[in-house]
file run28.cif (mmCIF, C-alpha atoms)
data_query
loop_
_atom_site.label_atom_id
_atom_site.label_comp_id
_atom_site.auth_asym_id
_atom_site.auth_seq_id
_atom_site.Cartn_x
_atom_site.Cartn_y
_atom_site.Cartn_z
CA MET A 1 113.94 87.90 83.54
CA GLY A 2 111.36 88.15 80.73
CA PRO A 3 111.40 90.69 77.90
CA ASN A 4 108.29 92.47 79.20
CA THR A 5 109.63 93.31 82.67
CA PRO A 6 108.89 97.01 83.33
CA TYR A 7 111.00 97.39 86.51
CA PRO A 8 113.82 94.83 86.50
CA ALA A 9 115.42 96.39 89.61
CA LEU A 10 112.57 94.94 91.72
CA ILE A 11 113.54 91.34 90.88
CA GLY A 12 115.25 89.76 93.88
CA GLN A 13 113.94 92.27 96.40
CA ARG A 14 112.09 91.03 99.47
CA LEU A 15 108.49 92.17 99.96
CA ALA A 16 108.21 94.26 103.12
CA ALA A 17 104.48 95.15 103.08
CA VAL A 18 101.33 95.40 100.97
CA ARG A 19 99.22 98.54 101.45
CA VAL A 20 95.77 98.79 99.88
CA PHE A 21 93.59 101.87 99.43
CA GLU A 22 89.79 101.89 99.32
CA PRO A 23 89.33 98.10 99.44
CA TRP A 24 85.94 96.65 98.55
CA GLN A 25 83.93 95.86 101.65
CA ALA A 26 80.61 94.19 100.95
CA CYS A 27 79.46 93.88 97.34
CA LEU A 28 81.07 90.55 96.54
CA ALA A 29 80.84 87.57 98.86
CA PRO A 30 83.75 85.07 98.99
CA THR A 31 83.49 82.12 96.62
CA ALA A 32 85.14 78.72 96.71
CA ASP A 33 87.30 79.46 93.67
CA VAL A 34 88.07 83.14 94.12
CA GLY A 35 87.86 83.83 97.85
CA PRO A 36 87.33 87.35 99.24
CA ALA A 37 87.19 90.08 96.64
CA ALA A 38 90.70 91.50 96.40
CA LEU A 39 89.62 94.72 94.70
CA PHE A 40 91.09 98.11 95.54
CA GLY A 41 91.25 101.71 94.43
CA GLY A 42 95.00 101.44 94.73
CA VAL A 43 97.68 99.07 96.00
CA ALA A 44 101.33 99.59 96.97
CA LEU A 45 103.78 96.70 96.97
CA VAL A 46 106.56 97.86 99.26
CA PHE A 47 109.87 96.07 98.74
CA GLU A 48 113.20 96.48 100.52
CA ARG A 49 114.38 99.46 98.50
CA GLN A 50 111.52 100.48 96.23
CA ALA A 51 107.73 100.48 96.12
CA LEU A 52 105.47 99.71 93.16
CA LEU A 53 102.28 101.79 93.33
CA LEU A 54 99.24 101.00 91.19
CA THR A 55 96.35 103.47 91.26
CA SER A 56 92.99 103.76 89.53
CA PRO A 57 92.65 106.73 87.14
CA LEU A 58 88.89 106.66 87.82
CA ARG A 59 89.47 107.25 91.54
CA TYR A 60 92.46 109.57 91.80
CA LEU A 61 93.96 112.65 90.14
CA GLY A 62 90.73 113.52 88.34
CA GLY A 63 90.82 110.90 85.61
CA GLY A 64 93.10 110.63 82.63
CA GLN A 65 94.60 107.53 81.16
CA GLY A 66 96.40 104.66 82.82
CA SER A 67 99.92 103.57 82.02
CA GLN A 68 100.91 102.19 78.63
CA TYR A 69 103.74 99.78 78.00
CA GLY A 70 105.61 98.72 74.88
CA VAL A 71 105.80 94.93 74.79
CA ALA A 72 108.56 92.97 73.10
CA ASP A 73 106.69 92.45 69.83
CA GLY A 74 106.46 96.21 69.27
CA ARG A 75 102.88 96.77 70.38
CA MET A 76 101.93 99.52 72.83
CA VAL A 77 99.40 98.08 75.29
CA ALA A 78 97.18 99.85 77.84
CA LEU A 79 97.18 98.63 81.43
CA GLY A 80 94.22 100.72 82.60
CA PHE A 81 95.71 101.54 86.00
CA ARG A 82 98.61 103.91 86.65
CA MET A 83 101.91 102.25 87.49
CA THR A 84 104.57 104.21 89.41
CA LEU A 85 107.88 103.24 91.00
CA CYS A 86 109.33 105.21 93.91
CA ASP A 87 111.86 104.69 96.71
CA ALA A 88 110.31 102.78 99.61
CA ASN A 89 111.14 105.53 102.09
CA GLU A 90 109.40 108.12 99.90
CA LEU A 91 106.06 106.32 99.59
CA ASP A 92 104.30 108.18 102.43
CA ALA A 93 105.33 111.51 100.94
CA PHE A 94 104.26 110.41 97.48
CA LEU A 95 100.77 109.13 98.37
CA PRO A 96 99.11 112.54 98.99
CA VAL A 97 100.18 113.57 95.49
CA THR A 98 98.11 110.70 94.06
CA TYR A 99 95.17 111.39 96.41
CA CYS A 100 95.29 107.81 97.70
CA ARG A 101 93.50 107.40 101.01
CA GLN A 102 94.13 104.56 103.41
CA GLY A 103 91.08 102.38 104.03
CA ARG A 104 88.91 103.10 107.07
CA GLY A 105 90.27 100.14 109.00
CA HIS A 106 87.72 97.71 107.54
CA TRP A 107 89.34 94.62 106.08
CA PRO A 108 87.02 92.00 104.55
CA ARG A 109 87.41 88.72 106.38
CA GLY A 110 90.19 86.64 104.90
CA LEU A 111 91.43 89.38 102.57
CA SER A 112 94.98 89.20 103.95
CA LEU A 113 95.14 85.57 102.80
CA SER A 114 94.60 86.76 99.21
CA LEU A 115 97.56 89.17 99.27
CA PRO A 116 101.26 88.43 98.70
CA MET A 117 103.01 87.62 101.97
CA ALA A 118 105.60 89.93 103.47
CA GLY A 119 109.05 88.33 103.46
CA ASP A 120 108.62 86.63 100.09
CA VAL A 121 111.19 87.47 97.40
CA LEU A 122 110.06 88.70 93.99
CA ALA A 123 111.20 86.28 91.30
CA SER A 124 109.40 87.68 88.24
CA LEU A 125 107.44 90.74 87.15
CA HIS A 126 106.09 91.18 83.65
CA VAL A 127 103.31 92.70 81.58
CA GLY A 128 101.07 89.90 80.34
CA GLU A 129 97.57 89.05 79.20
CA SER A 130 94.97 89.44 81.94
CA GLY A 131 91.97 87.64 80.46
CA CYS A 132 89.70 90.67 81.12
CA ALA A 133 87.66 92.09 78.27
CA ALA A 134 87.97 95.77 79.21
CA PHE A 135 91.76 95.76 79.65
CA PRO A 136 93.30 92.51 78.37
CA TRP A 137 96.75 93.36 79.78
CA GLY A 138 97.92 93.44 83.38
CA ILE A 139 100.90 92.85 85.65
CA ALA A 140 101.93 89.29 86.58
CA LEU A 141 103.98 88.73 89.73
CA GLY A 142 105.87 85.59 90.72
CA PHE A 143 107.58 84.98 94.08
CA CYS A 144 110.28 82.56 95.15
CA SER A 145 107.73 80.71 97.32
CA GLY A 146 105.94 79.70 94.12
CA LYS A 147 103.03 82.07 94.69
CA ARG A 148 101.81 83.89 91.59
CA TYR A 149 99.46 86.83 91.23
CA LEU A 150 97.84 88.86 88.47
CA LEU A 151 96.88 92.53 88.80
CA CYS A 152 94.44 93.96 86.27
CA PHE A 153 92.12 96.95 85.91
CA ARG A 154 88.33 96.59 86.20
CA PRO A 155 86.74 99.92 85.22
CA GLU A 156 83.23 98.44 85.36
CA LEU A 157 83.76 97.47 89.01
CA ASP A 158 84.07 101.09 90.15
CA GLY A 159 87.48 101.51 88.58
CA SER A 160 89.06 98.87 90.80
CA ILE A 161 92.39 97.11 90.59
CA GLU A 162 91.83 93.38 90.93
CA LEU A 163 94.31 90.87 92.33
CA VAL A 164 93.75 87.21 91.44
CA THR A 165 95.74 84.03 91.07
CA PRO A 166 96.47 83.34 87.36
CA GLY A 167 94.05 80.82 85.92
CA ILE A 168 91.31 81.62 88.45
CA VAL A 169 88.10 83.18 87.16
CA HIS A 170 87.86 86.94 87.61
CA HIS A 171 85.30 88.47 89.94
CA ARG A 172 81.98 89.38 88.37
CA VAL A 173 78.61 90.78 89.41
CA ASP A 174 75.18 90.69 87.76
CA ALA A 175 73.91 93.82 89.51
CA ILE A 176 75.10 96.41 92.02
CA THR A 177 73.16 96.51 95.29
CA VAL A 178 73.98 99.39 97.62
CA LEU A 179 72.61 99.29 101.16
CA GLY A 180 74.82 101.74 103.05
CA PRO A 181 76.89 104.89 102.38
CA ASN A 182 80.11 103.26 103.61
CA GLN A 183 79.66 100.20 101.39
CA ASP A 184 81.18 99.83 97.93
CA PHE A 185 79.37 102.21 95.54
CA GLY A 186 78.09 104.09 98.60
CA TRP A 187 78.62 107.31 96.66
CA LEU A 188 75.45 106.42 94.71
CA ARG A 189 73.25 106.84 97.77
CA PRO A 190 71.37 110.12 98.26
CA ALA A 191 72.84 110.33 101.78
CA ALA A 192 76.44 110.19 100.56
CA PRO A 193 78.20 113.32 101.94
CA LEU A 194 78.91 114.84 98.51
CA ASP A 195 77.78 118.44 98.53
CA PHE A 196 76.66 120.34 95.42
CA VAL A 197 74.91 123.56 94.41
CA LEU A 198 71.37 123.53 93.03
CA ASP A 199 69.11 126.56 92.51
CA ASP A 200 71.74 128.80 94.13
CA ARG A 201 71.73 126.73 97.31
CA ARG A 202 74.38 124.44 98.72
CA TRP A 203 73.03 120.98 99.48
CA LYS A 204 75.07 118.86 101.94
CA SER A 205 73.68 115.72 100.33
CA ALA A 206 70.69 114.58 98.28
CA LYS A 207 68.80 112.94 101.17
CA VAL A 208 65.40 114.45 101.98
CA SER A 209 66.47 115.90 105.33
CA ASP A 210 69.07 118.01 103.46
CA TRP A 211 66.57 119.35 100.91
CA PRO A 212 65.55 123.03 101.23
CA PHE A 213 62.58 123.47 103.58
CA VAL A 214 60.16 124.46 100.81
CA LEU A 215 60.87 121.24 98.87
CA ARG A 216 60.41 119.09 101.97
CA LYS A 217 57.02 120.69 102.60
CA ARG A 218 55.95 120.18 98.97
CA LEU A 219 56.97 116.50 99.20
CA GLN A 220 54.67 116.09 102.19
CA SER A 221 51.69 117.85 100.62
CA CYS A 222 51.83 117.00 96.89
CA ALA A 223 49.36 114.63 95.26
CA ASP A 224 52.04 112.26 93.91
CA PRO A 225 55.00 112.23 96.35
CA ALA A 226 56.77 109.39 94.50
CA ALA A 227 56.85 111.34 91.23
CA PHE A 228 57.91 114.53 93.02
CA TYR A 229 60.70 112.68 94.88
CA HIS A 230 61.91 111.17 91.59
CA HIS A 231 61.94 114.63 89.95
CA ILE A 232 63.87 116.37 92.74
CA LEU A 233 66.33 113.50 93.23
CA ARG A 234 66.99 113.45 89.50
CA ARG A 235 67.84 117.17 89.55
CA ALA A 236 69.99 116.70 92.66
CA PHE A 237 71.92 113.80 91.11
CA LEU A 238 72.48 115.72 87.89
CA ALA A 239 73.92 118.57 89.95
CA ARG A 240 76.03 116.24 92.13
CA PHE A 241 77.63 114.33 89.29
CA GLY A 242 77.75 117.32 86.98
CA GLN A 243 79.86 119.21 89.53
CA ARG A 244 82.09 116.32 90.62
CA PRO A 245 84.19 115.05 87.68
CA THR A 246 85.77 112.14 89.57
CA TYR A 247 82.43 110.69 90.65
CA ARG A 248 80.93 111.44 87.24
CA GLN A 249 83.53 109.30 85.49
CA ARG A 250 82.93 106.50 88.01
CA LEU A 251 79.20 106.72 87.27
CA LEU A 252 79.75 106.61 83.51
CA ALA A 253 81.95 103.52 83.85
CA LEU A 254 79.14 101.42 85.40
CA ARG A 255 77.92 98.54 83.26
CA TYR A 256 75.46 96.80 85.61
CA PRO A 257 71.92 97.51 86.86
CA VAL A 258 71.97 99.47 90.11
CA TYR A 259 69.69 98.83 93.08
CA CYS A 260 70.29 101.47 95.70
CA LYS A 261 68.28 102.15 98.84
CA GLY A 262 66.47 105.47 98.49
CA VAL A 263 66.93 105.67 94.71
CA PRO A 264 64.06 104.82 92.31
CA ASP A 265 64.90 101.89 90.03
CA GLY A 266 66.41 103.04 86.74
CA LEU A 267 67.26 106.55 87.94
CA VAL A 268 71.02 105.94 88.12
CA GLU A 269 71.03 104.60 84.56
CA GLU A 270 68.89 107.56 83.44
CA ILE A 271 71.34 110.05 84.97
CA ALA A 272 74.31 108.28 83.41
CA ALA A 273 72.68 108.27 79.98
CA GLN A 274 71.91 111.99 80.16
CA LEU A 275 75.42 112.90 81.32
CA ARG A 276 76.96 110.67 78.65
CA SER A 277 74.82 112.33 75.97
CA LYS A 278 75.77 115.79 77.21
CA ILE A 279 79.47 114.92 77.18
CA SER A 280 79.20 113.52 73.65
CA TRP A 281 77.41 116.66 72.42
CA GLU A 282 79.99 118.94 74.05
CA SER A 283 82.79 116.93 72.42
CA LEU A 284 81.17 117.23 69.02
CA SER A 285 80.64 120.96 69.46
CA LEU A 286 84.42 121.47 69.75
CA TYR A 287 84.86 120.71 66.07
#
call {"tool": "encode", "arguments": {"input": "run28.cif", "output": "structure tokens"}}
result
Amino acid sequence: MGPNTPYPALIGQRLAAVRVFEPWQACLAPTADVGPAALFGGVALVFERQALLLTSPLRYLGGGQGSQYGVADGRMVALGFRMTLCDANELDAFLPVTYCRQGRGHWPRGLSLSLPMAGDVLASLHVGESGCAAFPWGIALGFCSGKRYLLCFRPELDGSIELVTPGIVHHRVDAITVLGPNQDFGWLRPAAPLDFVLDDRRWKSAKVSDWPFVLRKRLQSCADPAAFYHHILRRAFLARFGQRPTYRQRLLALRYPVYCKGVPDGLVEEIAAQLRSKISWESLSLY
């Protein structure tokens, strides 16, 4: 047992199940080296007696910081994700407290092959270097079968927890392309069912069919419908993300160009910049 083992009682326990929450579905295709994208909003490793639950602070409980751990050399390191231990028979009761939601039944092809196998016995668990720039520390798992895994936090990938084999390159993207509301980053689409209030009206979403009647008529009759659409969608997005702190922090964590069906190019980045500037100004005004 290494000096940086956070939960030594788990060593020697047999893995009963792996439960993932909000798994990625479409953004990253499998590669020869990495395989299907094992990226989740949360993951629970359920052992014989206890369960280790890792959750994204960008997705659940309205933000905040992830867990910190004091390593053997005296440093306090940030893991990015939240790390919680509970009794295995209490996991179902504990999950609603963290707001974790089970996936919608969609499992990317081959994903189960990327996960630790039920029945394997945990041989090692320690906090170690992850190789990621944003959070250079993660959790390393070793099983008696010889299988090894690394769990680390990827805030720029929609606040996901990533599972990889140590030594294998981490997942990366050059841009975010969103085609459907149920796809990864689907919350960026105008049609995403995230209601908000604008001009004293409740909008069910930002898609045109949910706009107030007077705005839909103006869109049809105005001289420059593209500019008018950009203007109204910008106001709608500012209201949506301004009123939804969890989705706002996910938006502000993005670090890639966004190409989203129904959204003018550059608008997502424009909204993020304005919200980031507003937050910075409000922070300064406190002093």
call {"tool": "resolve_selection", "arguments": {"input": "run28.cif", "expression": "the PyMOL selection byres ((chain A and resi 174-176) around 9)", "output": "mmCIF file with C-alpha atoms, keeping the file's coordinate frame"}}
result
data_model
loop_
_atom_site.group_PDB
_atom_site.id
_atom_site.type_symbol
_atom_site.label_atom_id
_atom_site.label_comp_id
_atom_site.auth_asym_id
_atom_site.auth_seq_id
_atom_site.Cartn_x
_atom_site.Cartn_y
_atom_site.Cartn_z
ATOM 1 C CA CYS A 27 79.460 93.880 97.340
ATOM 2 C CA ARG A 172 81.980 89.380 88.370
ATOM 3 C CA VAL A 173 78.610 90.780 89.410
ATOM 4 C CA THR A 177 73.160 96.510 95.290
ATOM 5 C CA VAL A 178 73.980 99.390 97.620
ATOM 6 C CA PHE A 185 79.370 102.210 95.540
ATOM 7 C CA ARG A 255 77.920 98.540 83.260
ATOM 8 C CA TYR A 256 75.460 96.800 85.610
ATOM 9 C CA PRO A 257 71.920 97.510 86.860
ATOM 10 C CA VAL A 258 71.970 99.470 90.110
ATOM 11 C CA TYR A 259 69.690 98.830 93.080
ATOM 12 C CA CYS A 260 70.290 101.470 95.700
#
call {"tool": "resolve_selection", "arguments": {"input": "run28.cif", "expression": "the PyMOL selection byres ((chain A and resi 161) around 8)", "output": "list in words"}}
result
Leu39, Phe40, Gly41, Gly42, Val43, Leu54, Thr55, Ser56, Phe81, Leu151, Cys152, Phe153, Arg154, Gly159, Ser160, Glu162 and Leu163 of chain A
call {"tool": "resolve_selection", "arguments": {"input": "run28.cif", "expression": "the PyMOL selection byres ((chain A and resi 140) around 10)", "output": "list in words"}}
result
Thr5, Ser124, Leu125, His126, Val127, Gly128, Glu129, Ser130, Trp137, Gly138, Ile139, Leu141, Gly142, Arg148, Tyr149, Leu150, Leu151, Cys152, Leu163, Val164, Thr165 and Pro166 of chain A
call {"tool": "atom_distance", "arguments": {"input": "run28.cif", "atom1": "CA of Ala93 in chain A", "atom2": "CA of Ala44 in chain A"}}
result
13.2 Å
call {"tool": "residues_around", "arguments": {"input": "run28.cif", "residues": "Cys86 in chain A", "least_positions_apart": "3", "cutoff": "10 Å", "atoms": "all atoms listed in the file", "output": "ChimeraX atom specification"}}
result
/A:46,49-53,89-91,94
call {"tool": "decode", "arguments": {"input": "run28.cif", "residues": "range 82-94 of chain A", "atoms": "all heavy atoms", "output": "CSV table (one decimal), in the first residue's frame"}}
result
chain,number,residue,atom,x,y,z
A,82,ARG,N,-14.9,15.7,-7.3
A,82,ARG,CA,-15.2,15.3,-5.9
A,82,ARG,C,-15.0,13.8,-5.7
A,82,ARG,O,-15.5,13.0,-6.5
A,82,ARG,CB,-16.6,15.8,-5.5
A,82,ARG,CG,-16.8,17.3,-5.5
A,82,ARG,CD,-18.1,17.7,-4.8
A,82,ARG,NE,-18.3,19.1,-4.7
A,82,ARG,CZ,-19.1,19.8,-5.5
A,82,ARG,NH1,-19.8,19.1,-6.5
A,82,ARG,NH2,-19.2,21.1,-5.4
A,83,MET,N,-14.5,13.5,-4.6
A,83,MET,CA,-14.2,12.1,-4.2
A,83,MET,C,-14.9,11.8,-2.9
A,83,MET,O,-14.6,12.4,-1.9
A,83,MET,CB,-12.7,11.8,-4.2
A,83,MET,CG,-12.3,10.4,-3.8
A,83,MET,SD,-10.5,10.2,-4.0
A,83,MET,CE,-9.9,11.4,-2.9
A,84,THR,N,-15.8,10.8,-2.9
A,84,THR,CA,-16.6,10.4,-1.7
A,84,THR,C,-16.7,8.9,-1.6
A,84,THR,O,-16.8,8.2,-2.5
A,84,THR,CB,-18.0,11.0,-1.9
A,84,THR,OG1,-18.0,12.4,-2.2
A,84,THR,CG2,-18.8,10.8,-0.6
A,85,LEU,N,-16.5,8.5,-0.3
A,85,LEU,CA,-16.7,7.1,0.0
A,85,LEU,C,-17.9,6.9,0.8
A,85,LEU,O,-18.2,7.6,1.7
A,85,LEU,CB,-15.5,6.6,0.8
A,85,LEU,CG,-15.3,5.1,1.0
A,85,LEU,CD1,-15.0,4.4,-0.2
A,85,LEU,CD2,-14.3,4.8,2.1
A,86,CYS,N,-18.7,5.8,0.4
A,86,CYS,CA,-19.9,5.5,1.2
A,86,CYS,C,-20.1,4.0,1.2
A,86,CYS,O,-19.4,3.3,0.5
A,86,CYS,CB,-21.2,6.2,0.6
A,86,CYS,SG,-21.6,5.6,-1.1
A,87,ASP,N,-20.9,3.5,2.1
A,87,ASP,CA,-21.2,2.1,2.1
A,87,ASP,C,-21.9,1.7,0.8
A,87,ASP,O,-22.8,2.4,0.3
A,87,ASP,CB,-22.1,1.7,3.3
A,87,ASP,CG,-21.4,1.8,4.6
A,87,ASP,OD1,-20.1,1.8,4.6
A,87,ASP,OD2,-22.0,1.9,5.7
A,88,ALA,N,-21.6,0.5,0.3
A,88,ALA,CA,-22.2,0.1,-1.0
A,88,ALA,C,-23.7,0.0,-1.0
A,88,ALA,O,-24.4,0.4,-2.0
A,88,ALA,CB,-21.6,-1.3,-1.4
A,89,ASN,N,-24.3,-0.4,0.1
A,89,ASN,CA,-25.7,-0.4,0.2
A,89,ASN,C,-26.4,0.9,0.4
A,89,ASN,O,-27.6,1.0,0.4
A,89,ASN,CB,-26.2,-1.4,1.3
A,89,ASN,CG,-25.7,-1.0,2.7
A,89,ASN,OD1,-25.1,0.0,2.9
A,89,ASN,ND2,-25.9,-1.9,3.6
A,90,GLU,N,-25.6,2.0,0.6
A,90,GLU,CA,-26.2,3.3,0.7
A,90,GLU,C,-26.0,4.2,-0.5
A,90,GLU,O,-26.4,5.3,-0.6
A,90,GLU,CB,-25.5,4.0,1.9
A,90,GLU,CG,-25.8,3.4,3.3
A,90,GLU,CD,-25.1,4.1,4.4
A,90,GLU,OE1,-24.2,5.0,4.1
A,90,GLU,OE2,-25.4,3.9,5.5
A,91,LEU,N,-25.4,3.6,-1.6
A,91,LEU,CA,-25.1,4.4,-2.8
A,91,LEU,C,-26.4,5.0,-3.4
A,91,LEU,O,-26.5,6.1,-3.8
A,91,LEU,CB,-24.4,3.6,-3.8
A,91,LEU,CG,-24.0,4.3,-5.1
A,91,LEU,CD1,-23.1,5.5,-4.8
A,91,LEU,CD2,-23.3,3.3,-6.1
A,92,ASP,N,-27.4,4.1,-3.6
A,92,ASP,CA,-28.7,4.6,-4.2
A,92,ASP,C,-29.3,5.8,-3.5
A,92,ASP,O,-29.9,6.7,-4.0
A,92,ASP,CB,-29.6,3.5,-4.4
A,92,ASP,CG,-29.2,2.5,-5.5
A,92,ASP,OD1,-28.6,3.0,-6.5
A,92,ASP,OD2,-29.6,1.3,-5.5
A,93,ALA,N,-29.2,5.7,-2.1
A,93,ALA,CA,-29.8,6.8,-1.3
A,93,ALA,C,-28.9,8.0,-1.4
A,93,ALA,O,-29.4,9.1,-1.3
A,93,ALA,CB,-29.9,6.3,0.1
A,94,PHE,N,-27.6,7.8,-1.6
A,94,PHE,CA,-26.7,8.9,-1.6
A,94,PHE,C,-26.7,9.7,-2.9
A,94,PHE,O,-26.5,10.9,-3.0
A,94,PHE,CB,-25.3,8.4,-1.3
A,94,PHE,CG,-24.2,9.5,-1.1
A,94,PHE,CD1,-24.1,10.2,0.1
A,94,PHE,CD2,-23.4,9.9,-2.2
A,94,PHE,CE1,-23.2,11.2,0.3
A,94,PHE,CE2,-22.5,10.9,-2.0
A,94,PHE,CZ,-22.4,11.5,-0.8
